[in-house]
file my_file.pdb (PDB, C-alpha atoms and all ligand atoms)
ATOM      1  CA  MET T   1    -129.421 134.409-139.236  1.00  0.00           C
ATOM      2  CA  SER T   2    -130.105 131.742-136.611  1.00  0.00           C
ATOM      3  CA  ARG T   3    -131.999 128.693-137.767  1.00  0.00           C
ATOM      4  CA  THR T   4    -135.415 127.724-136.431  1.00  0.00           C
ATOM      5  CA  LEU T   5    -135.887 124.514-134.470  1.00  0.00           C
ATOM      6  CA  ASP T   6    -139.033 122.391-134.381  1.00  0.00           C
ATOM      7  CA  ILE T   7    -138.924 119.254-132.237  1.00  0.00           C
ATOM      8  CA  LEU T   8    -141.651 116.663-131.678  1.00  0.00           C
ATOM      9  CA  LEU T   9    -141.977 114.573-128.545  1.00  0.00           C
ATOM     10  CA  PHE T  10    -143.634 111.370-129.621  1.00  0.00           C
ATOM     11  CA  GLY T  11    -144.672 108.345-127.578  1.00  0.00           C
ATOM     12  CA  PRO T  12    -147.351 106.644-125.488  1.00  0.00           C
ATOM     13  CA  PRO T  13    -149.100 108.242-122.498  1.00  0.00           C
ATOM     14  CA  GLY T  14    -146.956 107.928-119.380  1.00  0.00           C
ATOM     15  CA  ALA T  15    -143.632 107.674-121.244  1.00  0.00           C
ATOM     16  CA  GLY T  16    -142.333 110.837-119.556  1.00  0.00           C
ATOM     17  CA  LYS T  17    -142.689 113.417-122.324  1.00  0.00           C
ATOM     18  CA  GLY T  18    -144.228 116.027-120.011  1.00  0.00           C
ATOM     19  CA  THR T  19    -141.514 115.437-117.391  1.00  0.00           C
ATOM     20  CA  GLN T  20    -138.746 116.291-119.856  1.00  0.00           C
ATOM     21  CA  ALA T  21    -140.515 118.870-121.994  1.00  0.00           C
ATOM     22  CA  ALA T  22    -140.172 122.121-120.030  1.00  0.00           C
ATOM     23  CA  ALA T  23    -136.419 121.745-119.411  1.00  0.00           C
ATOM     24  CA  LEU T  24    -135.792 120.647-122.987  1.00  0.00           C
ATOM     25  CA  ALA T  25    -137.737 123.598-124.404  1.00  0.00           C
ATOM     26  CA  ALA T  26    -135.898 126.021-122.114  1.00  0.00           C
ATOM     27  CA  ARG T  27    -132.520 124.573-123.132  1.00  0.00           C
ATOM     28  CA  HIS T  28    -133.302 125.232-126.785  1.00  0.00           C
ATOM     29  CA  GLY T  29    -135.060 128.576-126.259  1.00  0.00           C
ATOM     30  CA  ILE T  30    -138.336 127.436-127.813  1.00  0.00           C
ATOM     31  CA  PRO T  31    -141.848 127.294-126.305  1.00  0.00           C
ATOM     32  CA  HIS T  32    -143.289 124.035-124.985  1.00  0.00           C
ATOM     33  CA  VAL T  33    -146.522 123.426-126.885  1.00  0.00           C
ATOM     34  CA  SER T  34    -148.463 120.589-125.246  1.00  0.00           C
ATOM     35  CA  THR T  35    -151.864 119.960-126.809  1.00  0.00           C
ATOM     36  CA  GLY T  36    -152.996 118.148-123.638  1.00  0.00           C
ATOM     37  CA  ASP T  37    -152.072 121.220-121.536  1.00  0.00           C
ATOM     38  CA  LEU T  38    -153.796 123.534-124.038  1.00  0.00           C
ATOM     39  CA  PHE T  39    -156.980 121.453-123.792  1.00  0.00           C
ATOM     40  CA  ARG T  40    -156.824 121.411-119.975  1.00  0.00           C
ATOM     41  CA  LYS T  41    -156.413 125.218-119.984  1.00  0.00           C
ATOM     42  CA  ASN T  42    -159.415 125.565-122.309  1.00  0.00           C
ATOM     43  CA  LEU T  43    -161.367 123.243-120.058  1.00  0.00           C
ATOM     44  CA  LYS T  44    -160.553 125.239-116.958  1.00  0.00           C
ATOM     45  CA  GLU T  45    -161.604 128.450-118.709  1.00  0.00           C
ATOM     46  CA  GLN T  46    -164.758 126.723-120.008  1.00  0.00           C
ATOM     47  CA  THR T  47    -164.111 127.818-123.596  1.00  0.00           C
ATOM     48  CA  PRO T  48    -166.111 126.189-126.439  1.00  0.00           C
ATOM     49  CA  VAL T  49    -162.993 124.195-127.401  1.00  0.00           C
ATOM     50  CA  GLY T  50    -162.586 123.032-123.800  1.00  0.00           C
ATOM     51  CA  LEU T  51    -166.209 121.950-123.512  1.00  0.00           C
ATOM     52  CA  VAL T  52    -166.063 119.920-126.737  1.00  0.00           C
ATOM     53  CA  ALA T  53    -162.669 118.403-125.832  1.00  0.00           C
ATOM     54  CA  ARG T  54    -163.867 117.299-122.388  1.00  0.00           C
ATOM     55  CA  GLY T  55    -166.235 114.677-123.841  1.00  0.00           C
ATOM     56  CA  PHE T  56    -163.319 112.991-125.608  1.00  0.00           C
ATOM     57  CA  MET T  57    -160.666 113.439-122.921  1.00  0.00           C
ATOM     58  CA  ASP T  58    -162.868 111.961-120.194  1.00  0.00           C
ATOM     59  CA  ARG T  59    -163.234 108.790-122.261  1.00  0.00           C
ATOM     60  CA  GLY T  60    -159.548 108.591-123.197  1.00  0.00           C
ATOM     61  CA  LEU T  61    -160.329 109.324-126.845  1.00  0.00           C
ATOM     62  CA  LEU T  62    -158.535 111.647-129.205  1.00  0.00           C
ATOM     63  CA  VAL T  63    -160.165 115.018-129.833  1.00  0.00           C
ATOM     64  CA  PRO T  64    -161.133 115.422-133.535  1.00  0.00           C
ATOM     65  CA  ASP T  65    -158.289 116.489-135.812  1.00  0.00           C
ATOM     66  CA  GLU T  66    -159.744 119.839-136.976  1.00  0.00           C
ATOM     67  CA  ILE T  67    -160.116 121.090-133.408  1.00  0.00           C
ATOM     68  CA  VAL T  68    -156.565 120.114-132.443  1.00  0.00           C
ATOM     69  CA  CYS T  69    -155.036 121.427-135.661  1.00  0.00           C
ATOM     70  CA  ASP T  70    -156.753 124.835-135.399  1.00  0.00           C
ATOM     71  CA  MET T  71    -155.541 125.179-131.820  1.00  0.00           C
ATOM     72  CA  VAL T  72    -151.935 124.328-132.762  1.00  0.00           C
ATOM     73  CA  ARG T  73    -151.995 126.581-135.833  1.00  0.00           C
ATOM     74  CA  LEU T  74    -152.964 129.579-133.692  1.00  0.00           C
ATOM     75  CA  ARG T  75    -150.232 128.737-131.170  1.00  0.00           C
ATOM     76  CA  LEU T  76    -147.525 128.403-133.846  1.00  0.00           C
ATOM     77  CA  GLU T  77    -148.501 131.755-135.316  1.00  0.00           C
ATOM     78  CA  GLU T  78    -147.749 133.515-132.033  1.00  0.00           C
ATOM     79  CA  ASP T  79    -144.542 135.585-131.924  1.00  0.00           C
ATOM     80  CA  GLU T  80    -143.204 133.412-129.123  1.00  0.00           C
ATOM     81  CA  ALA T  81    -143.064 130.459-131.527  1.00  0.00           C
ATOM     82  CA  ALA T  82    -141.288 132.338-134.329  1.00  0.00           C
ATOM     83  CA  ALA T  83    -137.958 130.618-133.625  1.00  0.00           C
ATOM     84  CA  GLY T  84    -139.469 127.146-133.305  1.00  0.00           C
ATOM     85  CA  SER T  85    -141.439 124.916-130.980  1.00  0.00           C
ATOM     86  CA  LEU T  86    -141.290 121.819-128.840  1.00  0.00           C
ATOM     87  CA  LEU T  87    -144.481 119.986-129.729  1.00  0.00           C
ATOM     88  CA  ASP T  88    -145.605 117.550-127.045  1.00  0.00           C
ATOM     89  CA  GLY T  89    -148.523 115.239-127.847  1.00  0.00           C
ATOM     90  CA  PHE T  90    -149.021 116.520-131.388  1.00  0.00           C
ATOM     91  CA  PRO T  91    -149.317 115.140-134.025  1.00  0.00           C
ATOM     92  CA  ARG T  92    -151.136 111.994-132.910  1.00  0.00           C
ATOM     93  CA  THR T  93    -152.754 110.973-136.204  1.00  0.00           C
ATOM     94  CA  LEU T  94    -151.690 110.890-139.860  1.00  0.00           C
ATOM     95  CA  PRO T  95    -153.969 113.851-140.817  1.00  0.00           C
ATOM     96  CA  GLN T  96    -152.472 115.856-137.907  1.00  0.00           C
ATOM     97  CA  ALA T  97    -148.972 115.102-139.203  1.00  0.00           C
ATOM     98  CA  ASP T  98    -149.975 116.266-142.698  1.00  0.00           C
ATOM     99  CA  ALA T  99    -151.485 119.428-141.222  1.00  0.00           C
ATOM    100  CA  LEU T 100    -148.371 120.131-139.156  1.00  0.00           C
ATOM    101  CA  GLU T 101    -146.069 119.712-142.137  1.00  0.00           C
ATOM    102  CA  GLY T 102    -148.272 122.157-144.067  1.00  0.00           C
ATOM    103  CA  MET T 103    -148.265 124.697-141.199  1.00  0.00           C
ATOM    104  CA  LEU T 104    -144.491 124.536-140.864  1.00  0.00           C
ATOM    105  CA  ARG T 105    -143.938 124.680-144.631  1.00  0.00           C
ATOM    106  CA  ARG T 106    -145.966 127.890-144.806  1.00  0.00           C
ATOM    107  CA  LEU T 107    -143.691 129.307-142.100  1.00  0.00           C
ATOM    108  CA  GLY T 108    -140.600 128.197-144.048  1.00  0.00           C
ATOM    109  CA  ARG T 109    -139.888 125.479-141.479  1.00  0.00           C
ATOM    110  CA  ARG T 110    -139.908 121.717-141.154  1.00  0.00           C
ATOM    111  CA  ILE T 111    -139.835 119.052-138.443  1.00  0.00           C
ATOM    112  CA  ASP T 112    -136.173 118.955-137.423  1.00  0.00           C
ATOM    113  CA  HIS T 113    -136.260 116.185-134.806  1.00  0.00           C
ATOM    114  CA  VAL T 114    -138.706 113.525-133.655  1.00  0.00           C
ATOM    115  CA  LEU T 115    -137.853 112.210-130.199  1.00  0.00           C
ATOM    116  CA  PHE T 116    -139.618 108.890-129.781  1.00  0.00           C
ATOM    117  CA  PHE T 117    -140.076 107.993-126.101  1.00  0.00           C
ATOM    118  CA  ASP T 118    -140.070 104.216-126.185  1.00  0.00           C
ATOM    119  CA  ALA T 119    -141.227 102.364-123.034  1.00  0.00           C
ATOM    120  CA  GLU T 120    -142.823  99.050-122.064  1.00  0.00           C
ATOM    121  CA  ASP T 121    -146.499  98.968-121.083  1.00  0.00           C
ATOM    122  CA  GLU T 122    -145.695  98.016-117.446  1.00  0.00           C
ATOM    123  CA  VAL T 123    -143.568 101.163-117.121  1.00  0.00           C
ATOM    124  CA  LEU T 124    -146.343 103.334-118.558  1.00  0.00           C
ATOM    125  CA  VAL T 125    -148.971 101.962-116.205  1.00  0.00           C
ATOM    126  CA  GLU T 126    -146.691 102.349-113.165  1.00  0.00           C
ATOM    127  CA  ARG T 127    -145.857 105.937-114.082  1.00  0.00           C
ATOM    128  CA  ILE T 128    -149.431 106.989-114.774  1.00  0.00           C
ATOM    129  CA  ALA T 129    -150.613 105.369-111.525  1.00  0.00           C
ATOM    130  CA  GLY T 130    -148.303 107.634-109.463  1.00  0.00           C
ATOM    131  CA  ARG T 131    -148.595 110.784-111.551  1.00  0.00           C
ATOM    132  CA  LEU T 132    -149.475 114.147-110.009  1.00  0.00           C
ATOM    133  CA  SER T 133    -150.104 117.295-112.035  1.00  0.00           C
ATOM    134  CA  CYS T 134    -150.115 120.940-111.080  1.00  0.00           C
ATOM    135  CA  SER T 135    -153.510 122.499-111.688  1.00  0.00           C
ATOM    136  CA  GLY T 136    -151.782 125.877-112.154  1.00  0.00           C
ATOM    137  CA  CYS T 137    -148.942 125.353-114.646  1.00  0.00           C
ATOM    138  CA  GLY T 138    -149.476 121.732-115.696  1.00  0.00           C
ATOM    139  CA  ALA T 139    -146.061 120.550-114.423  1.00  0.00           C
ATOM    140  CA  ALA T 140    -145.850 116.786-113.931  1.00  0.00           C
ATOM    141  CA  PHE T 141    -144.637 114.983-110.798  1.00  0.00           C
ATOM    142  CA  HIS T 142    -144.591 111.380-109.628  1.00  0.00           C
ATOM    143  CA  ARG T 143    -145.221 110.185-106.079  1.00  0.00           C
ATOM    144  CA  THR T 144    -142.135 107.933-106.159  1.00  0.00           C
ATOM    145  CA  PHE T 145    -139.919 108.864-109.119  1.00  0.00           C
ATOM    146  CA  ALA T 146    -140.242 112.672-109.111  1.00  0.00           C
ATOM    147  CA  PRO T 147    -141.892 113.907-105.900  1.00  0.00           C
ATOM    148  CA  PRO T 148    -142.284 117.666-105.345  1.00  0.00           C
ATOM    149  CA  ARG T 149    -139.862 119.266-102.842  1.00  0.00           C
ATOM    150  CA  THR T 150    -142.803 120.084-100.545  1.00  0.00           C
ATOM    151  CA  GLN T 151    -145.706 117.674-100.475  1.00  0.00           C
ATOM    152  CA  GLY T 152    -148.631 118.921-102.563  1.00  0.00           C
ATOM    153  CA  VAL T 153    -146.825 122.085-103.715  1.00  0.00           C
ATOM    154  CA  CYS T 154    -145.615 122.689-107.269  1.00  0.00           C
ATOM    155  CA  ASP T 155    -141.825 123.269-107.479  1.00  0.00           C
ATOM    156  CA  HIS T 156    -142.307 125.452-110.548  1.00  0.00           C
ATOM    157  CA  CYS T 157    -145.184 127.854-109.813  1.00  0.00           C
ATOM    158  CA  GLY T 158    -145.547 127.404-106.040  1.00  0.00           C
ATOM    159  CA  ARG T 159    -149.247 126.555-106.196  1.00  0.00           C
ATOM    160  CA  ASN T 160    -150.589 124.278-103.483  1.00  0.00           C
ATOM    161  CA  GLY T 161    -152.663 122.154-105.803  1.00  0.00           C
ATOM    162  CA  LEU T 162    -151.048 118.975-107.067  1.00  0.00           C
ATOM    163  CA  SER T 163    -153.707 116.484-108.047  1.00  0.00           C
ATOM    164  CA  VAL T 164    -154.355 113.328-110.014  1.00  0.00           C
ATOM    165  CA  ARG T 165    -155.492 114.078-113.564  1.00  0.00           C
ATOM    166  CA  SER T 166    -159.118 113.055-114.103  1.00  0.00           C
ATOM    167  CA  ASP T 167    -158.084 110.912-117.105  1.00  0.00           C
ATOM    168  CA  ASP T 168    -155.367 109.070-115.145  1.00  0.00           C
ATOM    169  CA  ASN T 169    -157.700 106.287-113.936  1.00  0.00           C
ATOM    170  CA  ALA T 170    -157.302 102.625-114.971  1.00  0.00           C
ATOM    171  CA  GLU T 171    -160.254 102.591-117.382  1.00  0.00           C
ATOM    172  CA  THR T 172    -159.333 105.766-119.259  1.00  0.00           C
ATOM    173  CA  VAL T 173    -155.649 104.833-119.378  1.00  0.00           C
ATOM    174  CA  GLY T 174    -156.609 101.584-121.146  1.00  0.00           C
ATOM    175  CA  ALA T 175    -158.576 103.555-123.747  1.00  0.00           C
ATOM    176  CA  ARG T 176    -155.701 106.028-124.215  1.00  0.00           C
ATOM    177  CA  LEU T 177    -153.239 103.206-124.861  1.00  0.00           C
ATOM    178  CA  LEU T 178    -155.617 101.673-127.409  1.00  0.00           C
ATOM    179  CA  GLU T 179    -156.001 105.041-129.175  1.00  0.00           C
ATOM    180  CA  TYR T 180    -152.219 105.417-129.179  1.00  0.00           C
ATOM    181  CA  ARG T 181    -151.680 102.007-130.768  1.00  0.00           C
ATOM    182  CA  ALA T 182    -154.425 102.363-133.363  1.00  0.00           C
ATOM    183  CA  LYS T 183    -153.998 105.975-134.446  1.00  0.00           C
ATOM    184  CA  THR T 184    -150.600 107.253-133.331  1.00  0.00           C
ATOM    185  CA  THR T 185    -148.077 104.424-133.809  1.00  0.00           C
ATOM    186  CA  PRO T 186    -148.656 104.324-137.618  1.00  0.00           C
ATOM    187  CA  LEU T 187    -146.973 107.744-137.686  1.00  0.00           C
ATOM    188  CA  LEU T 188    -143.612 106.224-136.798  1.00  0.00           C
ATOM    189  CA  ALA T 189    -143.255 104.712-140.281  1.00  0.00           C
ATOM    190  CA  ARG T 190    -143.163 108.252-141.619  1.00  0.00           C
ATOM    191  CA  TRP T 191    -139.848 109.016-139.944  1.00  0.00           C
ATOM    192  CA  GLN T 192    -138.344 105.547-139.697  1.00  0.00           C
ATOM    193  CA  GLY T 193    -134.976 105.321-141.425  1.00  0.00           C
ATOM    194  CA  SER T 194    -134.496 109.112-141.475  1.00  0.00           C
ATOM    195  CA  ASP T 195    -132.015 111.173-139.461  1.00  0.00           C
ATOM    196  CA  THR T 196    -135.000 113.061-138.019  1.00  0.00           C
ATOM    197  CA  LEU T 197    -136.035 110.148-135.769  1.00  0.00           C
ATOM    198  CA  HIS T 198    -134.256 109.521-132.451  1.00  0.00           C
ATOM    199  CA  VAL T 199    -135.427 106.509-130.459  1.00  0.00           C
ATOM    200  CA  ILE T 200    -135.032 107.243-126.742  1.00  0.00           C
ATOM    201  CA  ASN T 201    -135.201 104.408-124.213  1.00  0.00           C
ATOM    202  CA  ALA T 202    -137.659 106.183-121.921  1.00  0.00           C
ATOM    203  CA  GLY T 203    -137.949 103.328-119.430  1.00  0.00           C
ATOM    204  CA  ARG T 204    -134.785 104.516-117.661  1.00  0.00           C
ATOM    205  CA  PRO T 205    -134.580 106.959-114.720  1.00  0.00           C
ATOM    206  CA  ILE T 206    -135.366 110.640-115.439  1.00  0.00           C
ATOM    207  CA  ALA T 207    -131.727 111.860-115.362  1.00  0.00           C
ATOM    208  CA  GLU T 208    -130.622 109.204-117.849  1.00  0.00           C
ATOM    209  CA  VAL T 209    -133.424 110.065-120.261  1.00  0.00           C
ATOM    210  CA  GLU T 210    -132.440 113.733-119.924  1.00  0.00           C
ATOM    211  CA  ARG T 211    -128.854 112.874-120.939  1.00  0.00           C
ATOM    212  CA  ALA T 212    -130.055 110.819-123.915  1.00  0.00           C
ATOM    213  CA  LEU T 213    -132.173 113.768-125.095  1.00  0.00           C
ATOM    214  CA  ALA T 214    -129.233 116.165-124.811  1.00  0.00           C
ATOM    215  CA  LEU T 215    -127.122 113.800-126.919  1.00  0.00           C
ATOM    216  CA  ALA T 216    -129.864 113.399-129.524  1.00  0.00           C
ATOM    217  CA  VAL T 217    -130.406 117.163-129.951  1.00  0.00           C
ATOM    218  CA  PRO T 218    -127.333 119.102-128.827  1.00  0.00           C
ATOM    219  CA  ALA T 219    -127.835 122.757-127.907  1.00  0.00           C
ATOM    220  CA  ARG T 220    -127.376 125.012-130.916  1.00  0.00           C
ATOM    221  CA  ALA T 221    -123.954 126.549-131.278  1.00  0.00           C
ATOM    222  CA  GLU T 222    -123.871 130.335-131.043  1.00  0.00           C
ATOM    223  CA  ALA T 223    -123.996 131.906-134.511  1.00  0.00           C
TER     224      ALA T 223
HETATM  225  P1  LIG Y   1    -152.016 114.359-122.900  1.00  0.00           P
HETATM  226  O1  LIG Y   1    -151.917 115.389-121.825  1.00  0.00           O
HETATM  227  O2  LIG Y   1    -151.061 114.583-124.026  1.00  0.00           O
HETATM  228  O3  LIG Y   1    -151.973 112.951-122.373  1.00  0.00           O
HETATM  229  O4  LIG Y   1    -153.474 114.537-123.563  1.00  0.00           O
HETATM  230  C1  LIG Y   1    -154.659 114.405-122.791  1.00  0.00           C
HETATM  231  C2  LIG Y   1    -155.855 114.223-123.714  1.00  0.00           C
HETATM  232  O5  LIG Y   1    -156.010 115.387-124.556  1.00  0.00           O
HETATM  233  C3  LIG Y   1    -155.765 113.051-124.708  1.00  0.00           C
HETATM  234  O6  LIG Y   1    -156.141 111.819-124.119  1.00  0.00           O
HETATM  235  C4  LIG Y   1    -156.741 113.509-125.794  1.00  0.00           C
HETATM  236  O7  LIG Y   1    -158.083 113.350-125.385  1.00  0.00           O
HETATM  237  C5  LIG Y   1    -156.449 115.015-125.852  1.00  0.00           C
HETATM  238  N1  LIG Y   1    -155.374 115.310-126.820  1.00  0.00           N
HETATM  239  C6  LIG Y   1    -154.142 115.833-126.538  1.00  0.00           C
HETATM  240  N2  LIG Y   1    -153.413 115.960-127.655  1.00  0.00           N
HETATM  241  C7  LIG Y   1    -154.193 115.514-128.672  1.00  0.00           C
HETATM  242  C8  LIG Y   1    -154.010 115.363-130.071  1.00  0.00           C
HETATM  243  N3  LIG Y   1    -152.866 115.712-130.672  1.00  0.00           N
HETATM  244  N4  LIG Y   1    -155.034 114.856-130.796  1.00  0.00           N
HETATM  245  C9  LIG Y   1    -156.201 114.518-130.225  1.00  0.00           C
HETATM  246  N5  LIG Y   1    -156.436 114.603-128.925  1.00  0.00           N
HETATM  247  C10 LIG Y   1    -155.446 115.099-128.136  1.00  0.00           C
END
call {"tool": "encode", "arguments": {"input": "my_file.pdb", "output": "structure tokens", "more": "lines below"}}
Ligand code: AMP
result
Amino acid sequence: MSRTLDILLFGPPGAGKGTQAAALAARHGIPHVSTGDLFRKNLKEQTPVGLVARGFMDRGLLVPDEIVCDMVRLRLEEDEAAAGSLLDGFPRTLPQADALEGMLRRLGRRIDHVLFFDAEDEVLVERIAGRLSCSGCGAAFHRTFAPPRTQGVCDHCGRNGLSVRSDDNAETVGARLLEYRAKTTPLLARWQGSDTLHVINAGRPIAEVERALALAVPARAEA
């Protein structure tokens, strides 16, 4: 029987998690579960979750734990996630990490790898300032470092609708970094010193980060 695989992408906003996530998930045959993307989808569809989340997202604050955890629980229970998941942007607080461990335990799984995207603040600010996102599939681009093949058009879904995320402005980015430092960085201590944690120097060019990720979590050998 093939083993399940649950990977976390962990790190500050702008570190490049979203840029690497889709390819990494595809390589391992697991779904990319981004809580930020799930909230943006809910927002677009004007669901109750989306409307509540908007008030927090617009201010760069974390959405309350119960809302995030319920959303992730439902996603992990879907058939598509039966073999594992690539969690991007979750958990971001200690209670979320406890909840995730409980969810996975009930499914007979555990966190296999934590990929910590480590980058200096100047890099984060520069990346967020040039970031473009597809309003259709959520794919991330950068004006300088990862431009789309055709200006304004998403390479992945073909939609002509690349735009700047509403929370990618200087004020909100400052609040997001503060939230990250106060509530998310304490999580690192949980994995420090264990084989689960891989520290990735995410300040390097995209292709180099991609190689470091492939080395950290090699593709599973065929059973
Ligand atoms: P992201 O796309 O990961 O940068 O997330 C965008 C926004 O969604 C964050 O600034 C939060 O407001 C919200 N969000 C995403 N993931 C979480 C989470 N795990 N916990 C709380 N809020 C979250």
call {"tool": "residues_near_point", "arguments": {"input": "my_file.pdb", "point": "(-140.9, 103.6, -109.1)", "cutoff": "10 Å", "atoms": "only C-alpha atoms", "output": "VMD selection string"}}
result
chain T and resid 123 126 to 127 130 142 to 146 205
call {"tool": "resolve_selection", "arguments": {"input": "my_file.pdb", "expression": "the PyMOL selection byres (((not hetatm)) within 9 of (chain Y and resi 1))", "output": "PyMOL selection string"}}
result
chain T and resi 12-14+17-18+34-40+53-65+67-69+72+88-93+96+167-168+172-173+175-176+179
call {"tool": "residues_around", "arguments": {"input": "my_file.pdb", "residues": "Ser194 in chain T", "least_positions_apart": "3", "cutoff": "12 Å", "atoms": "all atoms listed in the file", "output": "VMD selection string"}}
result
chain T and resid 111 to 114 188 to 191 197 to 199
call {"tool": "atom_distance", "arguments": {"input": "my_file.pdb", "atom1": "CA of Lys183 in chain T", "atom2": "CA of Leu124 in chain T"}}
result
17.8 Å
call {"tool": "atom_distance", "arguments": {"input": "my_file.pdb", "atom1": "CA of Ile7 in chain T", "atom2": "CA of Ile128 in chain T"}}
result
23.8 Å
